[in-house]
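Below is structure10.txt, which holds compact mmCIF, C-alpha atoms.
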```txt
# COMPACT_ATOMS: atom_id res chain seq x y z
CA MET A 1 18.00 -48.46 -34.01
CA PRO A 2 19.86 -49.84 -30.95
CA GLN A 3 19.68 -53.56 -30.36
CA THR A 4 20.66 -55.38 -27.22
CA ASN A 5 23.51 -57.83 -27.45
CA GLU A 6 21.08 -60.60 -26.75
CA THR A 7 18.89 -59.61 -29.66
CA ASP A 8 21.94 -59.37 -31.88
CA ARG A 9 23.06 -62.84 -30.85
CA ALA A 10 19.64 -64.38 -31.42
CA ARG A 11 19.41 -62.72 -34.80
CA ALA A 12 22.89 -63.90 -35.81
CA GLN A 13 22.10 -67.42 -34.64
CA LEU A 14 18.89 -67.56 -36.65
CA SER A 15 20.61 -66.10 -39.72
CA ASP A 16 23.30 -68.78 -39.43
CA LEU A 17 20.68 -71.51 -39.17
CA ILE A 18 18.93 -70.25 -42.30
CA GLY A 19 22.28 -70.28 -44.08
CA GLN A 20 22.82 -73.90 -43.01
CA ALA A 21 19.31 -74.87 -44.11
CA ALA A 22 20.05 -73.26 -47.47
CA GLY A 23 22.90 -75.74 -47.75
CA GLY A 24 20.51 -78.63 -47.13
CA ASP A 25 21.04 -79.07 -43.38
CA ARG A 26 17.79 -80.53 -42.06
CA LEU A 27 18.81 -80.39 -38.43
CA ALA A 28 19.42 -76.67 -38.75
CA PHE A 29 16.01 -76.40 -40.41
CA GLN A 30 14.40 -78.26 -37.52
CA ASP A 31 16.09 -75.83 -35.11
CA ILE A 32 14.59 -72.95 -37.08
CA TYR A 33 11.18 -74.59 -36.77
CA ASN A 34 11.57 -75.14 -33.02
CA LEU A 35 12.66 -71.55 -32.48
CA THR A 36 10.08 -69.83 -34.65
CA SER A 37 7.01 -72.02 -35.22
CA ALA A 38 5.01 -70.56 -32.30
CA LYS A 39 5.50 -67.05 -33.65
CA LEU A 40 4.68 -68.03 -37.22
CA PHE A 41 1.67 -70.03 -36.09
CA GLY A 42 0.44 -66.96 -34.23
CA VAL A 43 0.71 -64.99 -37.47
CA CYS A 44 -1.27 -67.61 -39.43
CA LEU A 45 -3.90 -67.91 -36.71
CA ARG A 46 -4.45 -64.16 -36.54
CA ILE A 47 -5.06 -64.00 -40.27
CA LEU A 48 -7.02 -67.21 -40.79
CA ASN A 49 -8.88 -67.47 -37.46
CA ASP A 50 -9.02 -71.23 -37.87
CA ARG A 51 -6.67 -73.72 -36.27
CA GLN A 52 -6.73 -76.36 -39.02
CA ALA A 53 -6.33 -73.85 -41.84
CA SER A 54 -3.52 -72.19 -39.88
CA GLU A 55 -1.67 -75.47 -39.41
CA ASP A 56 -1.97 -76.14 -43.15
CA ALA A 57 -0.67 -72.66 -43.90
CA LEU A 58 2.16 -73.15 -41.41
CA GLN A 59 3.23 -76.33 -43.19
CA ASP A 60 3.17 -74.56 -46.55
CA ALA A 61 5.15 -71.67 -45.10
CA TYR A 62 7.95 -73.87 -43.75
CA VAL A 63 8.19 -75.83 -46.99
CA LYS A 64 8.62 -72.48 -48.77
CA ILE A 65 11.22 -71.42 -46.21
CA TRP A 66 13.18 -74.63 -46.81
CA ARG A 67 13.09 -74.20 -50.57
CA ASN A 68 13.93 -70.51 -50.50
CA ALA A 69 16.42 -70.40 -47.66
CA ARG A 70 19.23 -69.46 -50.04
CA ARG A 71 17.34 -66.31 -50.94
CA PHE A 72 17.49 -64.95 -47.41
CA ASP A 73 19.70 -61.87 -47.27
CA ALA A 74 20.60 -60.78 -43.74
CA ARG A 75 21.49 -57.32 -45.04
CA ARG A 76 17.96 -56.73 -46.28
CA ALA A 77 15.78 -58.20 -43.55
CA SER A 78 15.98 -59.54 -40.04
CA PRO A 79 15.63 -63.33 -40.06
CA ILE A 80 12.47 -63.45 -37.96
CA THR A 81 10.83 -60.81 -40.14
CA TRP A 82 11.77 -62.73 -43.25
CA LEU A 83 10.24 -65.92 -41.82
CA ALA A 84 7.14 -64.17 -40.47
CA THR A 85 6.61 -62.38 -43.79
CA ILE A 86 6.56 -65.73 -45.61
CA ALA A 87 4.06 -67.08 -43.07
CA ARG A 88 1.90 -63.97 -43.36
CA ASN A 89 1.88 -64.04 -47.17
CA THR A 90 1.13 -67.77 -47.18
CA ALA A 91 -1.78 -67.29 -44.78
CA ILE A 92 -3.12 -64.39 -46.85
CA ASP A 93 -2.95 -66.47 -50.04
CA ARG A 94 -4.74 -69.33 -48.34
CA LYS A 95 -7.43 -67.04 -46.97
CA ARG A 96 -8.12 -65.53 -50.38
CA SER A 97 -8.09 -68.83 -52.25
CA GLY A 98 -10.48 -70.38 -49.74
CA GLY A 99 -13.39 -68.35 -50.98
CA ASN A 100 -14.39 -67.34 -47.48
CA ARG A 101 -15.40 -63.81 -48.07
CA VAL A 102 -14.88 -61.45 -45.21
CA MET A 103 -18.11 -60.20 -43.78
CA VAL A 104 -18.65 -57.06 -41.79
CA SER A 105 -17.80 -58.04 -38.27
CA ASP A 106 -18.47 -56.01 -35.17
CA ASP A 107 -16.05 -58.20 -33.29
CA ALA A 108 -13.26 -57.25 -35.64
CA ILE A 109 -13.96 -53.58 -35.21
CA LYS A 110 -14.00 -53.94 -31.42
CA HIS A 111 -10.76 -55.77 -31.74
CA MET A 112 -9.26 -52.83 -33.57
CA ALA A 113 -10.43 -50.51 -30.83
CA ALA A 114 -8.81 -52.73 -28.21
CA ASP A 115 -5.55 -52.54 -30.11
CA GLU A 116 -5.73 -48.79 -30.05
CA GLN A 117 -6.06 -48.68 -26.29
CA SER A 118 -2.89 -50.64 -25.82
CA ALA A 119 -0.80 -48.20 -27.85
CA LEU A 120 0.97 -46.86 -24.78
CA GLU A 121 1.81 -50.30 -23.47
CA ARG A 122 3.25 -51.22 -26.85
CA LEU A 123 5.41 -48.15 -26.76
CA GLU A 124 6.97 -49.17 -23.47
CA LYS A 125 7.33 -52.86 -24.19
CA GLN A 126 8.55 -53.18 -27.69
CA GLU A 127 12.01 -52.43 -28.67
CA GLY A 128 12.35 -50.85 -32.07
CA ALA A 129 8.67 -50.12 -32.31
CA ASP A 130 8.68 -46.65 -30.83
CA ILE A 131 9.05 -44.62 -34.02
CA LEU A 132 6.51 -46.71 -35.94
CA ASN A 133 3.98 -46.49 -33.14
CA LYS A 134 4.55 -42.79 -32.58
CA CYS A 135 3.92 -42.19 -36.26
CA LEU A 136 0.92 -44.52 -36.42
CA ASP A 137 -0.52 -42.68 -33.44
CA SER A 138 -0.12 -39.39 -35.28
CA LEU A 139 -2.47 -40.54 -38.06
CA GLU A 140 -6.20 -40.01 -38.10
CA ALA A 141 -7.90 -42.90 -36.32
CA ARG A 142 -9.52 -44.25 -39.48
CA GLN A 143 -6.24 -44.11 -41.40
CA ARG A 144 -4.45 -45.91 -38.58
CA ASN A 145 -7.24 -48.48 -38.28
CA VAL A 146 -7.29 -49.48 -41.93
CA ILE A 147 -3.49 -49.80 -42.07
CA ARG A 148 -3.27 -51.86 -38.88
CA THR A 149 -6.24 -54.00 -39.86
CA ALA A 150 -4.75 -54.67 -43.30
CA PHE A 151 -1.51 -55.77 -41.67
CA PHE A 152 -2.87 -57.90 -38.85
CA GLU A 153 -5.89 -59.43 -40.58
CA GLY A 154 -4.30 -59.63 -44.01
CA HIS A 155 -7.16 -57.92 -45.83
CA SER A 156 -7.09 -56.68 -49.40
CA TYR A 157 -8.63 -53.35 -50.35
CA ASN A 158 -11.82 -55.13 -51.43
CA GLU A 159 -12.05 -57.07 -48.19
CA LEU A 160 -11.46 -53.95 -46.11
CA ALA A 161 -14.18 -52.12 -47.98
CA GLN A 162 -16.64 -55.00 -47.41
CA LYS A 163 -15.68 -55.39 -43.81
CA LEU A 164 -16.00 -51.71 -42.98
CA GLY A 165 -19.07 -51.20 -45.17
CA THR A 166 -17.25 -48.29 -46.77
CA PRO A 167 -16.83 -47.58 -50.50
CA LEU A 168 -13.61 -48.95 -52.00
CA GLY A 169 -12.45 -45.53 -53.15
CA THR A 170 -12.83 -44.14 -49.65
CA VAL A 171 -10.86 -47.00 -48.12
CA LYS A 172 -8.09 -46.56 -50.69
CA SER A 173 -8.01 -42.87 -49.96
CA TRP A 174 -7.69 -43.47 -46.18
CA VAL A 175 -4.94 -46.04 -46.68
CA ARG A 176 -2.96 -44.00 -49.18
CA ARG A 177 -3.13 -40.79 -47.21
CA GLY A 178 -2.25 -42.68 -44.06
CA LEU A 179 0.71 -44.38 -45.72
CA LYS A 180 2.03 -41.10 -47.05
CA ARG A 181 1.83 -39.47 -43.61
CA LEU A 182 3.33 -42.54 -42.00
CA LYS A 183 6.32 -42.48 -44.32
CA ASP A 184 6.84 -38.70 -43.93
CA CYS A 185 6.70 -39.06 -40.15
CA MET A 186 9.09 -42.04 -40.05
CA ASP A 187 11.52 -40.43 -42.46
CA ASP A 188 11.68 -37.43 -40.14
CA GLY A 189 12.68 -39.87 -37.42
CA MET B 1 -18.20 -37.45 -40.19
CA VAL B 2 -16.86 -36.03 -43.40
CA GLU B 3 -15.99 -38.62 -46.03
CA GLU B 4 -12.48 -38.29 -47.30
CA THR B 5 -12.91 -39.70 -50.76
CA ASP B 6 -10.88 -38.12 -53.48
CA PRO B 7 -12.55 -39.26 -56.69
CA ARG B 8 -9.70 -38.02 -58.85
CA LYS B 9 -7.32 -40.49 -57.29
CA ASP B 10 -9.46 -43.60 -56.86
CA GLY B 11 -8.85 -45.08 -60.27
CA GLU B 12 -5.33 -43.82 -60.72
CA ALA B 13 -2.29 -46.03 -60.56
CA PRO B 14 -0.49 -45.25 -57.32
CA ASP B 15 3.06 -43.90 -57.25
CA ASP B 16 5.87 -46.38 -56.58
CA VAL B 17 6.16 -45.61 -52.88
CA THR B 18 2.44 -46.21 -52.38
CA LEU B 19 2.41 -49.31 -54.59
CA ALA B 20 5.32 -50.80 -52.63
CA ALA B 21 3.51 -50.22 -49.34
CA GLU B 22 0.33 -51.78 -50.74
CA LEU B 23 2.31 -54.83 -51.81
CA VAL B 24 3.96 -55.14 -48.40
CA LEU B 25 0.68 -54.80 -46.52
CA GLY B 26 -1.05 -57.36 -48.76
CA LEU B 27 -3.70 -54.93 -50.00
CA LEU B 28 -3.28 -56.02 -53.62
CA ASP B 29 -4.68 -59.12 -55.22
CA GLY B 30 -5.07 -60.66 -58.66
CA GLU B 31 -3.45 -58.85 -61.56
CA GLU B 32 -2.45 -55.83 -59.45
CA LYS B 33 -0.43 -58.06 -57.15
CA ALA B 34 1.20 -59.89 -60.08
CA VAL B 35 2.16 -56.60 -61.70
CA ALA B 36 3.70 -55.30 -58.47
CA LEU B 37 5.66 -58.53 -57.91
CA ARG B 38 6.95 -58.41 -61.46
CA LYS B 39 8.05 -54.83 -60.94
CA GLN B 40 9.84 -55.87 -57.76
CA LEU B 41 11.90 -58.30 -59.83
CA SER B 42 12.63 -56.13 -62.81
CA ASP B 43 13.13 -52.76 -61.11
CA PRO B 44 15.88 -52.66 -58.45
CA GLU B 45 14.82 -49.20 -57.30
CA PHE B 46 11.27 -50.44 -56.69
CA ALA B 47 12.66 -53.52 -54.91
CA ARG B 48 14.59 -51.19 -52.61
CA ILE B 49 11.42 -49.21 -51.85
CA VAL B 50 9.68 -52.50 -50.99
CA ASP B 51 12.56 -53.40 -48.64
CA ASP B 52 12.22 -49.98 -46.99
CA TRP B 53 8.53 -50.58 -46.31
CA ASN B 54 9.22 -54.04 -44.95
CA GLN B 55 11.60 -52.41 -42.49
CA ARG B 56 9.10 -49.73 -41.55
CA VAL B 57 6.35 -52.23 -40.68
CA ASP B 58 8.78 -54.75 -39.16
CA PRO B 59 7.99 -53.84 -35.50
CA MET B 60 4.33 -54.78 -36.00
CA PHE B 61 5.35 -58.43 -36.25
CA GLN B 62 6.20 -58.24 -32.55
CA GLU B 63 2.52 -57.83 -31.80
CA PHE B 64 1.54 -61.26 -33.10
CA GLN B 65 1.02 -63.59 -30.15
CA GLU B 66 2.99 -66.82 -30.01
CA VAL B 67 0.84 -69.95 -30.18
CA GLU B 68 2.22 -73.49 -30.14
CA PRO B 69 1.08 -75.49 -33.19
CA ALA B 70 0.13 -79.15 -32.88
CA SER B 71 3.12 -81.48 -32.79
CA SER B 72 1.89 -83.21 -35.96
CA VAL B 73 2.71 -80.12 -38.02
CA TRP B 74 6.47 -80.75 -38.05
CA ALA B 75 6.01 -84.32 -39.31
CA GLY B 76 3.88 -82.97 -42.13
CA ILE B 77 6.56 -80.48 -43.10
CA GLU B 78 9.36 -83.02 -42.90
CA SER B 79 7.50 -85.42 -45.20
CA ARG B 80 7.34 -82.72 -47.85
CA LEU B 81 10.97 -81.68 -47.87
CA ASP B 82 12.03 -84.16 -50.52
CA GLY B 83 9.10 -83.41 -52.74
CA GLY B 84 10.62 -82.48 -56.08
CA SER B 85 10.19 -85.75 -57.96
CA SER B 86 10.00 -85.57 -61.70
CA ASP B 87 9.61 -88.19 -64.35
CA GLY B 88 11.41 -88.11 -67.58
CA ALA B 89 9.88 -88.25 -71.00
CA VAL B 90 10.09 -85.29 -73.25
CA VAL B 91 6.62 -84.82 -74.54
CA GLN B 92 5.68 -83.24 -77.76
CA MET B 93 4.00 -79.99 -77.23
CA LYS B 94 2.27 -77.61 -79.50
CA ARG B 95 4.16 -74.57 -80.30
CA TRP B 96 2.16 -71.76 -78.93
CA ARG B 97 3.47 -68.79 -80.77
CA THR B 98 6.42 -67.70 -82.77
CA GLY B 99 7.14 -64.14 -83.60
CA ALA B 100 8.66 -62.87 -86.78
CA ILE B 101 12.05 -64.32 -87.54
CA VAL B 102 14.52 -61.67 -88.51
CA SER B 103 18.25 -61.26 -88.52
CA GLY B 104 20.21 -59.42 -85.92
CA ALA B 105 22.73 -59.79 -83.13
CA LEU B 106 22.89 -60.91 -79.54
CA ALA B 107 24.25 -58.44 -77.06
CA ALA B 108 25.44 -58.50 -73.51
CA CYS B 109 22.96 -58.99 -70.74
CA LEU B 110 19.60 -60.63 -70.35
CA ALA B 111 17.26 -60.42 -67.44
CA LEU B 112 14.27 -62.68 -67.37
CA ALA B 113 11.70 -62.18 -64.71
CA LEU B 114 9.33 -64.99 -63.99
CA ILE B 115 6.13 -64.95 -62.10
CA VAL B 116 4.19 -68.13 -61.55
CA GLY B 117 0.80 -67.57 -60.06
CA PRO B 118 -2.88 -67.82 -60.83
CA GLY B 119 -3.55 -64.17 -60.11
CA THR B 120 -2.28 -63.06 -63.46
CA PHE B 121 -4.84 -65.08 -65.35
CA ALA B 122 -7.84 -64.78 -63.16
CA PRO B 123 -7.93 -61.30 -61.71
CA THR B 124 -11.34 -62.01 -60.23
CA SER B 125 -10.17 -65.05 -58.27
CA GLU B 126 -7.51 -64.78 -55.61
CA PRO B 127 -4.00 -66.09 -56.09
CA GLN B 128 -3.10 -69.21 -54.17
CA SER B 129 0.62 -68.82 -54.36
CA VAL B 130 3.01 -66.88 -56.52
CA ALA B 131 6.45 -67.89 -57.60
CA VAL B 132 9.13 -65.67 -58.97
CA ALA B 133 12.57 -66.05 -60.47
CA GLN B 134 15.08 -63.79 -62.05
CA LEU B 135 17.14 -65.16 -64.91
CA THR B 136 20.24 -63.48 -66.21
CA GLY B 137 22.32 -64.16 -69.27
CA ASP B 138 23.80 -62.61 -72.35
CA ILE B 139 21.20 -60.56 -74.18
CA GLU B 140 21.11 -56.94 -73.21
CA GLY B 141 17.80 -55.32 -72.41
CA LEU B 142 15.62 -58.40 -72.77
CA VAL B 143 13.02 -58.87 -70.08
CA LEU B 144 10.69 -61.85 -69.98
CA ALA B 145 7.88 -62.09 -67.45
CA VAL B 146 6.31 -65.53 -67.20
CA SER B 147 3.11 -66.24 -65.31
CA TYR B 148 1.75 -69.66 -64.52
CA ASN B 149 -1.63 -70.58 -63.10
CA PRO B 150 -1.45 -74.04 -61.49
CA GLU B 151 -5.23 -74.38 -61.50
CA THR B 152 -5.69 -74.00 -65.23
CA ALA B 153 -2.09 -74.86 -66.25
CA GLU B 154 -2.07 -71.67 -68.29
CA MET B 155 1.33 -70.12 -68.87
CA ARG B 156 1.85 -66.63 -70.15
CA VAL B 157 5.12 -65.10 -71.27
CA ASP B 158 5.50 -61.38 -71.77
CA VAL B 159 8.57 -60.53 -73.84
CA ASN B 160 10.13 -57.12 -74.08
CA GLY B 161 13.40 -56.08 -75.67
CA MET B 162 14.23 -59.25 -77.61
CA PRO B 163 16.93 -58.41 -80.17
CA GLU B 164 16.45 -59.47 -83.77
CA THR B 165 18.10 -62.79 -84.54
CA GLU B 166 17.85 -65.59 -87.09
CA THR B 167 17.18 -68.01 -84.27
CA ALA B 168 14.03 -68.20 -82.17
CA PRO B 169 13.76 -68.05 -78.37
CA GLU B 170 12.81 -71.40 -76.85
CA LEU B 171 11.87 -71.88 -73.21
CA TRP B 172 13.04 -74.92 -71.23
CA ILE B 173 12.18 -76.27 -67.82
CA VAL B 174 14.91 -78.15 -65.97
CA GLY B 175 13.81 -80.40 -63.11
CA SER B 176 15.90 -82.06 -60.44
CA ASP B 177 17.28 -84.58 -62.95
CA GLY B 178 19.04 -81.75 -64.76
CA ILE B 179 17.49 -82.52 -68.15
CA PRO B 180 16.05 -79.51 -70.01
CA ARG B 181 12.58 -80.13 -71.44
CA SER B 182 11.29 -77.73 -74.03
CA LEU B 183 8.18 -75.71 -73.33
CA GLY B 184 8.24 -74.61 -76.94
CA GLN B 185 9.33 -71.51 -78.80
CA ILE B 186 7.91 -68.22 -77.67
CA GLY B 187 6.99 -65.01 -79.35
CA ARG B 188 9.75 -62.51 -79.87
CA ASP B 189 7.71 -59.59 -78.64
CA GLY B 190 4.59 -59.20 -76.52
CA ILE B 191 2.54 -61.90 -74.86
CA SER B 192 2.55 -65.62 -75.66
CA GLN B 193 0.00 -67.83 -73.96
CA MET B 194 -0.28 -71.61 -73.77
CA THR B 195 -1.53 -74.54 -71.74
CA VAL B 196 1.30 -76.56 -70.24
CA PRO B 197 0.79 -80.30 -70.98
CA SER B 198 0.15 -82.47 -67.94
CA ASP B 199 3.54 -84.20 -68.19
CA HIS B 200 5.36 -80.93 -67.65
CA ARG B 201 3.17 -79.37 -64.99
CA GLU B 202 4.76 -81.07 -62.03
CA LEU B 203 8.14 -79.73 -63.10
CA ILE B 204 6.97 -76.19 -62.48
CA ASN B 205 7.92 -75.83 -58.85
CA SER B 206 10.55 -74.15 -56.75
CA THR B 207 13.17 -76.86 -57.35
CA ALA B 208 13.14 -76.18 -61.08
CA THR B 209 15.19 -73.90 -63.28
CA LEU B 210 13.92 -72.08 -66.32
CA GLN B 211 16.23 -71.60 -69.28
CA LEU B 212 16.02 -69.67 -72.49
CA SER B 213 18.01 -70.79 -75.53
CA MET B 214 18.12 -69.57 -79.10
CA GLU B 215 17.17 -72.35 -81.53
CA PRO B 216 16.39 -72.85 -85.21
CA PRO B 217 12.77 -71.88 -85.83
CA SER B 218 10.55 -74.95 -85.44
CA GLU B 219 6.85 -75.69 -85.20
CA THR B 220 7.47 -78.36 -82.57
CA PRO B 221 9.60 -78.22 -79.42
CA HIS B 222 13.17 -79.46 -79.80
CA ALA B 223 14.28 -82.52 -77.87
CA LYS B 224 17.63 -80.95 -76.99
CA GLN B 225 19.20 -77.54 -76.85
CA THR B 226 21.63 -76.91 -79.70
CA GLY B 227 23.73 -74.46 -77.70
CA GLU B 228 24.22 -73.04 -74.26
CA PRO B 229 21.17 -71.33 -72.75
CA VAL B 230 21.41 -67.57 -73.00
CA ALA B 231 19.64 -67.12 -69.67
CA SER B 232 18.68 -69.25 -66.69
CA GLY B 233 17.36 -68.90 -63.15
CA LYS B 234 15.46 -70.71 -60.43
CA ILE B 235 11.72 -70.64 -59.99
CA THR B 236 10.67 -69.48 -56.54
CA ILE B 237 7.31 -69.99 -54.92
CA ILE B 238 6.57 -67.10 -52.58
```
As structure tokens, the full file:
Amino acid sequence: MPQTNETDRARAQLSDLIGQAAGGDRLAFQDIYNLTSAKLFGVCLRILNDRQASEDALQDAYVKIWRNARRFDARRASPITWLATIARNTAIDRKRSGGNRVMVSDDAIKHMAADEQSALERLEKQEGADILNKCLDSLEARQRNVIRTAFFEGHSYNELAQKLGTPLGTVKSWVRRGLKRLKDCMDDG
Amino acid sequence: MVEETDPRKDGEAPDDVTLAAELVLGLLDGEEKAVALRKQLSDPEFARIVDDWNQRVDPMFQEFQEVEPASSVWAGIESRLDGGSSDGAVVQMKRWRTGAIVSGALAACLALALIVGPGTFAPTSEPQSVAVAQLTGDIEGLVLAVSYNPETAEMRVDVNGMPETETAPELWIVGSDGIPRSLGQIGRDGISQMTVPSDHRELINSTATLQLSMEPPSETPHAKQTGEPVASGKITII
């Protein structure tokens, strides 16, 4: 997928900083924080829906990033994705350990619908997202909704089933069929 | 609307491509998540499939809005960066299980996969954090998967492919002071389970290394290793 030179430079800079942090360079680590904390906080906030819990998760995430910086492999992941994935997983773990069960929420379902309407805008705006979005848009609405909701809200199968008021087996079936079609579509390019 | 349930598939284990996607999306929890993470460590092909899914969903990260966190967050992080303190004494610890002692030979390559996380022990409660490490060494075909639940201090070791030897496998935790402390001898095959004594619990974090050495059979943990560890690797909290 084509990248602009600017994106390449930013990516290389962030990769270098992670490499320096892996060597124990705290100033490099602080640069990483300054460059990426707003994005990672957005990820935590979306999943946890609570500012205090999100700030706690953000702290945990950056401590993990510091300790695991040497494990970053620029050949396997873009640096921002690697960082955001740690934040997302940390927020998901915090959500599930908190015992706050997810209830069926009309707001959440409206939110999903709003996301759907902006599909065209996303296509224009976001570099590198066109194939994924084209393929997501080719899925049945309910397949697309469960996959996107799982990603953005960080729900497990059980939580999705509760939230949607749909039997677990049905939710699994939607997700798995959707994932298979998504992969087939993306592999075709 | 027609329901799209396929009852034949609900209870079935998913294929690797599906399992990898479920891991990436965060759909799994408890034991299912622990199993998938362990597979990611021990099976390079599965790890590659996980990487592929991470790349497929990568553009979705662009959709998260940026929000500035409070300025106090950085100070909180910075204060935790030098966390890994560890105090010294080697504490006697009950031996939790020893398998049959038989003669045999060591071979060439050992891979030890470690998973630390509560999910493995309490499938009904949700994991708080999971740590993983991959240890390599000199015994061919041996795979150890270790799970640790920080809430209950339960550790579980699943051993597969241990060759027959006159010595017994002993697990050691090495903190930032570099001193190996024995966690006791483990079973040669299958699952060993134990409660880690309080003195050793704080050592189990991402600054620590886990080692496996082959020692004379003993009911109590040894104070020192008698030879070089046959495998070692860092613990990672993920």
Please provide the set of residues having any atom within 10 Å of region 213-218 of chain B, restricted to all atoms listed in the file, with same-chain residues fewer than 2 positions apart removed, written as a compact mmCIF listing (two decimals) with C-alpha atoms, in the coordinates of the input.
```
# COMPACT_ATOMS: atom_id res chain seq x y z
CA ARG B 95 4.16 -74.57 -80.30
CA THR B 98 6.42 -67.70 -82.77
CA GLY B 99 7.14 -64.14 -83.60
CA ALA B 100 8.66 -62.87 -86.78
CA ILE B 101 12.05 -64.32 -87.54
CA LEU B 106 22.89 -60.91 -79.54
CA THR B 165 18.10 -62.79 -84.54
CA GLU B 166 17.85 -65.59 -87.09
CA THR B 167 17.18 -68.01 -84.27
CA ALA B 168 14.03 -68.20 -82.17
CA PRO B 169 13.76 -68.05 -78.37
CA GLU B 170 12.81 -71.40 -76.85
CA LEU B 171 11.87 -71.88 -73.21
CA TRP B 172 13.04 -74.92 -71.23
CA SER B 182 11.29 -77.73 -74.03
CA GLY B 184 8.24 -74.61 -76.94
CA GLN B 185 9.33 -71.51 -78.80
CA GLN B 211 16.23 -71.60 -69.28
CA THR B 220 7.47 -78.36 -82.57
CA PRO B 221 9.60 -78.22 -79.42
CA HIS B 222 13.17 -79.46 -79.80
CA LYS B 224 17.63 -80.95 -76.99
CA GLN B 225 19.20 -77.54 -76.85
CA THR B 226 21.63 -76.91 -79.70
CA GLY B 227 23.73 -74.46 -77.70
CA GLU B 228 24.22 -73.04 -74.26
CA PRO B 229 21.17 -71.33 -72.75
CA VAL B 230 21.41 -67.57 -73.00
CA ALA B 231 19.64 -67.12 -69.67
CA SER B 232 18.68 -69.25 -66.69
```
Could you pull out every residue with an atom within 10 Å of (18.3, -66.3, -43.1), file coordinates, counting all atoms listed in the file, and send them as a list of chain:residue names? A:Arg11, A:Ala12, A:Gln13, A:Leu14, A:Ser15, A:Asp16, A:Leu17, A:Ile18, A:Gly19, A:Gln20, A:Ala21, A:Ala22, A:Ile32, A:Ile65, A:Asn68, A:Ala69, A:Arg70, A:Arg71, A:Phe72, A:Asp73, A:Ala74, A:Arg75, A:Ala77, A:Ser78, A:Pro79, A:Ile80, A:Thr81, A:Trp82, A:Leu83
I need every residue sitting at most 8 Å from the point (5.2, -76.1, -67.3) (coordinates as in the file, all atoms listed in the file considered), written as a tab-separated table (two decimals) with C-alpha atoms, in the frame of the given file.
```tsv
chain	number	residue	atom	x	y	z
B	148	TYR	CA	1.75	-69.66	-64.52
B	153	ALA	CA	-2.09	-74.86	-66.25
B	155	MET	CA	1.33	-70.12	-68.87
B	173	ILE	CA	12.18	-76.27	-67.82
B	183	LEU	CA	8.18	-75.71	-73.33
B	196	VAL	CA	1.30	-76.56	-70.24
B	197	PRO	CA	0.79	-80.30	-70.98
B	200	HIS	CA	5.36	-80.93	-67.65
B	201	ARG	CA	3.17	-79.37	-64.99
B	202	GLU	CA	4.76	-81.07	-62.03
B	203	LEU	CA	8.14	-79.73	-63.10
B	204	ILE	CA	6.97	-76.19	-62.48
```
What are the closest atom pairs, with distances in Å to one decimal, for each residue of chain A lying within 7 Å of chain B, using all atoms listed in the file, rows by chain and rising residue number, as a Markdown table?
```
| residue | atom | partner | partner_atom | distance |
| --- | --- | --- | --- | --- |
| A:Ala38 | CA | B:Glu68 | CA | 4.6 |
| A:Lys39 | CA | B:Glu66 | CA | 4.4 |
| A:Phe41 | CA | B:Val67 | CA | 6.0 |
| A:Gly42 | CA | B:Glu66 | CA | 4.9 |
| A:Val43 | CA | B:Phe64 | CA | 5.8 |
| A:Glu55 | CA | B:Val73 | CA | 6.5 |
| A:Gln59 | CA | B:Ile77 | CA | 5.3 |
| A:Tyr62 | CA | B:Ile77 | CA | 6.8 |
| A:Val63 | CA | B:Ile77 | CA | 6.3 |
| A:Lys64 | CA | B:Ile237 | CA | 6.8 |
| A:Arg67 | CA | B:Ser206 | CA | 6.7 |
| A:Asn68 | CA | B:Thr236 | CA | 6.9 |
| A:Arg76 | CA | B:Asp51 | CA | 6.8 |
| A:Thr81 | CA | B:Asp58 | CA | 6.5 |
| A:Asp93 | CA | B:Gln128 | CA | 5.0 |
| A:Arg94 | CA | B:Gln128 | CA | 6.1 |
| A:Arg96 | CA | B:Glu126 | CA | 5.3 |
| A:Ser97 | CA | B:Glu126 | CA | 5.3 |
| A:Gly128 | CA | B:Pro59 | CA | 6.3 |
| A:Ala129 | CA | B:Pro59 | CA | 4.9 |
| A:Leu132 | CA | B:Arg56 | CA | 6.9 |
| A:Ala150 | CA | B:Leu25 | CA | 6.3 |
| A:Phe151 | CA | B:Leu25 | CA | 5.4 |
| A:Gly154 | CA | B:Gly26 | CA | 6.2 |
| A:His155 | CA | B:Leu27 | CA | 6.2 |
| A:Ser156 | CA | B:Leu27 | CA | 3.9 |
| A:Tyr157 | CA | B:Leu27 | CA | 5.2 |
| A:Gly169 | CA | B:Asp10 | CA | 5.1 |
| A:Thr170 | CA | B:Thr5 | CA | 4.6 |
| A:Lys172 | CA | B:Asp10 | CA | 7.0 |
| A:Ser173 | CA | B:Thr5 | CA | 5.9 |
| A:Arg176 | CA | B:Thr18 | CA | 6.7 |
```
Interatomic distance (Å, one decimal) between CA of Asp199 (chain B) and CA of Ala57 (chain A): 27.2 Å
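Using all atoms listed in the file, the nearest neighbour of Gly175 (chain B) within the list B:Lys234, B:Arg38, B:Arg156, B:Arg188 is B:Lys234.
Note that CA of Ser138 (chain A) and CA of Cys185 (chain A) are 8.4 Å apart.
Reported to one decimal place, the separation of CA of Ser198 (chain B) from CA of Glu154 (chain B) is 11.0 Å.
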Quick one: everything within 7 Å of Met162 (chain B), counting all atoms listed in the file, minus sequence neighbours fewer than 2 positions away in the same chain. Send it as a list in words. Leu142, Val159, Asn160, Glu164, Arg188 and Asp189 of chain B
